[in-house]
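S.K.: Take a look at this one; I'll ask things after.
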Amino acid sequence: MTFDVTVSGSDIVFPCEPDETVLDAAERAGFSIPYSCRKGVCSTCEGGLIAGELQVRGQGLARGPATGVLLCQARPCSSVEITPKRIVQRASPVRKVITTKVHRLTRPNADVVVLHLRFPSGVRAKFQAGQYLKVLMEDGDSRNYSMANAPHESDGVQLHIRHVPGGRFSEGVLAGLEKGDTLNVELPYGEFSLDEEVDHPVILLGTGTGMAPLKSIIEDQIKRGGSRPMHLFWGARNSDDLYLGDLPAQWSKRLPGFTFTPVLSEPEPGWSGRTGWVHRAVLEDYPDLGAYQVYACGNPVMTTAALNDLTAEGQLSPDAFFCDAFV
């Protein structure tokens, strides 16, 4: 039996199968709801349930009215009325599974590997700056990694992978990879892309390898000749964790209106730059964010704190906060 999903306050209605998530059904019908991990961890897809019943993996049965419903894990038990954070009409994504080859691995610091994968000759994959792919593992599991290259570099992908103790991919599979080895990937995924319908100045906020999709966005704007002011705040423990070297200095020469501010939480002696929580540095420089958009990527502790504080203290509209939480 097919159920109807109605978006409250709009004329949007789309069908959803009982074994299908609301997020997947919306995507199939040509609508985009914000999401990040698709695993029920990051809360990016949280929405409200006005009426009806949803079975939510990890949350149980939700009956309307309810808030904080993970739409990437919610399957209908009846027709429902929902209130997502945002929903826009967009063509259903065309995804590809590609067998890639390892082209190069570099280690800019002890915790990060930059992995370059090449597509087979003649194969290209369209994606938007800021999106991610899934590395498909042999047992059916997968790992999500943002693509750090700009979309015009379409003959392969660059991934920034942080070492996670005990991580099946970062400590297991990755440790044994050599040039010429193959990996299956599926792309593209994600809604963490620059909103092209407005020209507001942009704050880019990243921690650790959350820089990967921000790099893609910046280099895409350079390629496009973008003119929106962009201020990148990169939070790290110490200067060694700022693993992109002099790239931000190069970006500032090529992208008008680009500014870079590194912020260290555990600075070494002699550091003269900004310190503390990276999103607090944003508020120090921009006490009124009413005319800005913020794109935040990194650990969920940072992205959650940034959303709460930038909206409560900085007058940022919740609709102007875009998030890709690494989980």
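Chain labels A, B, ... are given in the sequence in which chains occur in the structure tokens; within each chain residues are numbered consecutively from 1, and ligands are likewise numbered from 1 in the order shown.
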Give me, as CSV, each residue of stretch 155-243 of chain A that comes within 6 Å of stretch 123-141 of chain A, together with its shortest interatomic pair and the distance in Å at one decimal, counting only C-alpha atoms, with rows ordered by chain and rising residue number.
M.R.:
residue,atom,partner,partner_atom,distance
A:Asp155,CA,A:Arg124,CA,5.6
A:Asn184,CA,A:Leu136,CA,5.5
A:Val185,CA,A:Val135,CA,4.5
A:Glu186,CA,A:Lys134,CA,5.1
A:Leu187,CA,A:Leu133,CA,4.6
A:Pro188,CA,A:Leu133,CA,5.4
A:Tyr189,CA,A:Tyr132,CA,5.2
A:Gly190,CA,A:Gln131,CA,5.0
A:Phe192,CA,A:Gly130,CA,5.2
A:Ser193,CA,A:Gly130,CA,5.0
A:Pro213,CA,A:Gly130,CA,4.3
A:Ser216,CA,A:Ala129,CA,5.2
A:Ile217,CA,A:Ala129,CA,4.9
S.K.: List as a PyMOL selection string the protein and nucleic acid residues near A:Thr100, meaning an atom at most 9 Å away when only C-alpha atoms are counted, but skip any in the same chain fewer than 6 places from it.
M.R.: chain A and resi 117-120+156+181-185
S.K.: Using only C-alpha atoms, which of the listed residues (A:Ser121, A:Thr99, A:Ser252, A:Thr21) sits closest to A:Cys77?
M.R.: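 Looking at the shortest contact to A:Cys77, the residue is A:Thr21.
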S.K.: List as a PDB file with N, CA, C and O atoms, in the first residue's frame the protein and nucleic acid residues near A:Phe260, meaning an atom at most 10 Å away when only C-alpha atoms are counted, but skip any in the same chain fewer than 2 places from it.
M.R.:
ATOM      1  N   LEU A 204      32.279  30.218   5.369  1.00  0.00           N
ATOM      2  CA  LEU A 204      32.601  28.800   5.288  1.00  0.00           C
ATOM      3  C   LEU A 204      33.272  28.409   6.596  1.00  0.00           C
ATOM      4  O   LEU A 204      34.260  29.026   7.004  1.00  0.00           O
ATOM      5  N   MET A 230      33.570  35.586   0.362  1.00  0.00           N
ATOM      6  CA  MET A 230      33.657  34.332   1.112  1.00  0.00           C
ATOM      7  C   MET A 230      34.720  34.463   2.187  1.00  0.00           C
ATOM      8  O   MET A 230      35.850  34.856   1.895  1.00  0.00           O
ATOM      9  N   HIS A 231      34.364  34.099   3.408  1.00  0.00           N
ATOM     10  CA  HIS A 231      35.332  34.098   4.505  1.00  0.00           C
ATOM     11  C   HIS A 231      35.387  32.683   5.061  1.00  0.00           C
ATOM     12  O   HIS A 231      34.406  32.160   5.571  1.00  0.00           O
ATOM     13  N   LEU A 232      36.553  32.061   4.927  1.00  0.00           N
ATOM     14  CA  LEU A 232      36.774  30.698   5.393  1.00  0.00           C
ATOM     15  C   LEU A 232      37.390  30.719   6.786  1.00  0.00           C
ATOM     16  O   LEU A 232      38.460  31.300   6.995  1.00  0.00           O
ATOM     17  N   PHE A 233      36.721  30.060   7.743  1.00  0.00           N
ATOM     18  CA  PHE A 233      37.242  29.837   9.080  1.00  0.00           C
ATOM     19  C   PHE A 233      37.538  28.340   9.202  1.00  0.00           C
ATOM     20  O   PHE A 233      36.629  27.514   9.071  1.00  0.00           O
ATOM     21  N   TRP A 234      38.797  28.005   9.474  1.00  0.00           N
ATOM     22  CA  TRP A 234      39.187  26.594   9.581  1.00  0.00           C
ATOM     23  C   TRP A 234      39.667  26.340  10.997  1.00  0.00           C
ATOM     24  O   TRP A 234      40.662  26.905  11.445  1.00  0.00           O
ATOM     25  N   PRO A 248      45.060  28.151   0.924  1.00  0.00           N
ATOM     26  CA  PRO A 248      44.221  29.331   1.170  1.00  0.00           C
ATOM     27  C   PRO A 248      44.856  30.635   0.677  1.00  0.00           C
ATOM     28  O   PRO A 248      44.152  31.524   0.176  1.00  0.00           O
ATOM     29  N   ALA A 249      46.183  30.754   0.782  1.00  0.00           N
ATOM     30  CA  ALA A 249      46.859  31.948   0.271  1.00  0.00           C
ATOM     31  C   ALA A 249      46.720  32.028  -1.251  1.00  0.00           C
ATOM     32  O   ALA A 249      46.547  33.126  -1.813  1.00  0.00           O
ATOM     33  N   TRP A 251      44.192  30.722  -2.969  1.00  0.00           N
ATOM     34  CA  TRP A 251      42.799  31.062  -3.242  1.00  0.00           C
ATOM     35  C   TRP A 251      42.550  32.563  -3.120  1.00  0.00           C
ATOM     36  O   TRP A 251      41.797  33.140  -3.905  1.00  0.00           O
ATOM     37  N   SER A 252      43.168  33.189  -2.129  1.00  0.00           N
ATOM     38  CA  SER A 252      42.932  34.621  -1.910  1.00  0.00           C
ATOM     39  C   SER A 252      43.418  35.460  -3.087  1.00  0.00           C
ATOM     40  O   SER A 252      42.913  36.560  -3.325  1.00  0.00           O
ATOM     41  N   PHE A 258      37.831  36.812  -1.096  1.00  0.00           N
ATOM     42  CA  PHE A 258      38.079  35.638  -0.261  1.00  0.00           C
ATOM     43  C   PHE A 258      39.007  35.995   0.893  1.00  0.00           C
ATOM     44  O   PHE A 258      40.039  36.639   0.708  1.00  0.00           O
ATOM     45  N   PRO A 262      42.496  30.950  10.154  1.00  0.00           N
ATOM     46  CA  PRO A 262      42.677  29.696  10.898  1.00  0.00           C
ATOM     47  C   PRO A 262      42.474  29.941  12.388  1.00  0.00           C
ATOM     48  O   PRO A 262      42.851  30.992  12.912  1.00  0.00           O
ATOM     49  N   VAL A 263      41.889  28.952  13.065  1.00  0.00           N
ATOM     50  CA  VAL A 263      41.609  29.072  14.503  1.00  0.00           C
ATOM     51  C   VAL A 263      42.062  27.779  15.173  1.00  0.00           C
ATOM     52  O   VAL A 263      41.593  26.697  14.812  1.00  0.00           O
TER      53      VAL A 263
END
S.K.: A:Ser146, A:Ser79, A:Thr67, A:Gln293: which is nearest A:Asp4, counting only C-alpha atoms?
M.R.: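 Distance minimum relative to A:Asp4 lands on A:Ser79.
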S.K.: List the neighbours of stretch 31-47 of chain A out to 8 Å using only C-alpha atoms; skip same-chain residues closer than 5 positions along the sequence, and give me the result as a ChimeraX atom specification.
M.R.: /A:23,26,57-58,67-73,82-92,144,190-192,300,323-327
S.K.: May I ask which of the residues A:Cys297, A:Ala306, A:Ala51, A:Ala320 is the closest one to A:Trp277, counting only C-alpha atoms?
M.R.: A:Ala306
S.K.: Identify which of the residues A:Gly226, A:Gly180, A:Pro287, A:Gly298 lies closest to A:Gly314, counting only C-alpha atoms when measuring atom-to-atom distances.
M.R.: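 Of all the options, A:Pro287 lies closest to A:Gly314.
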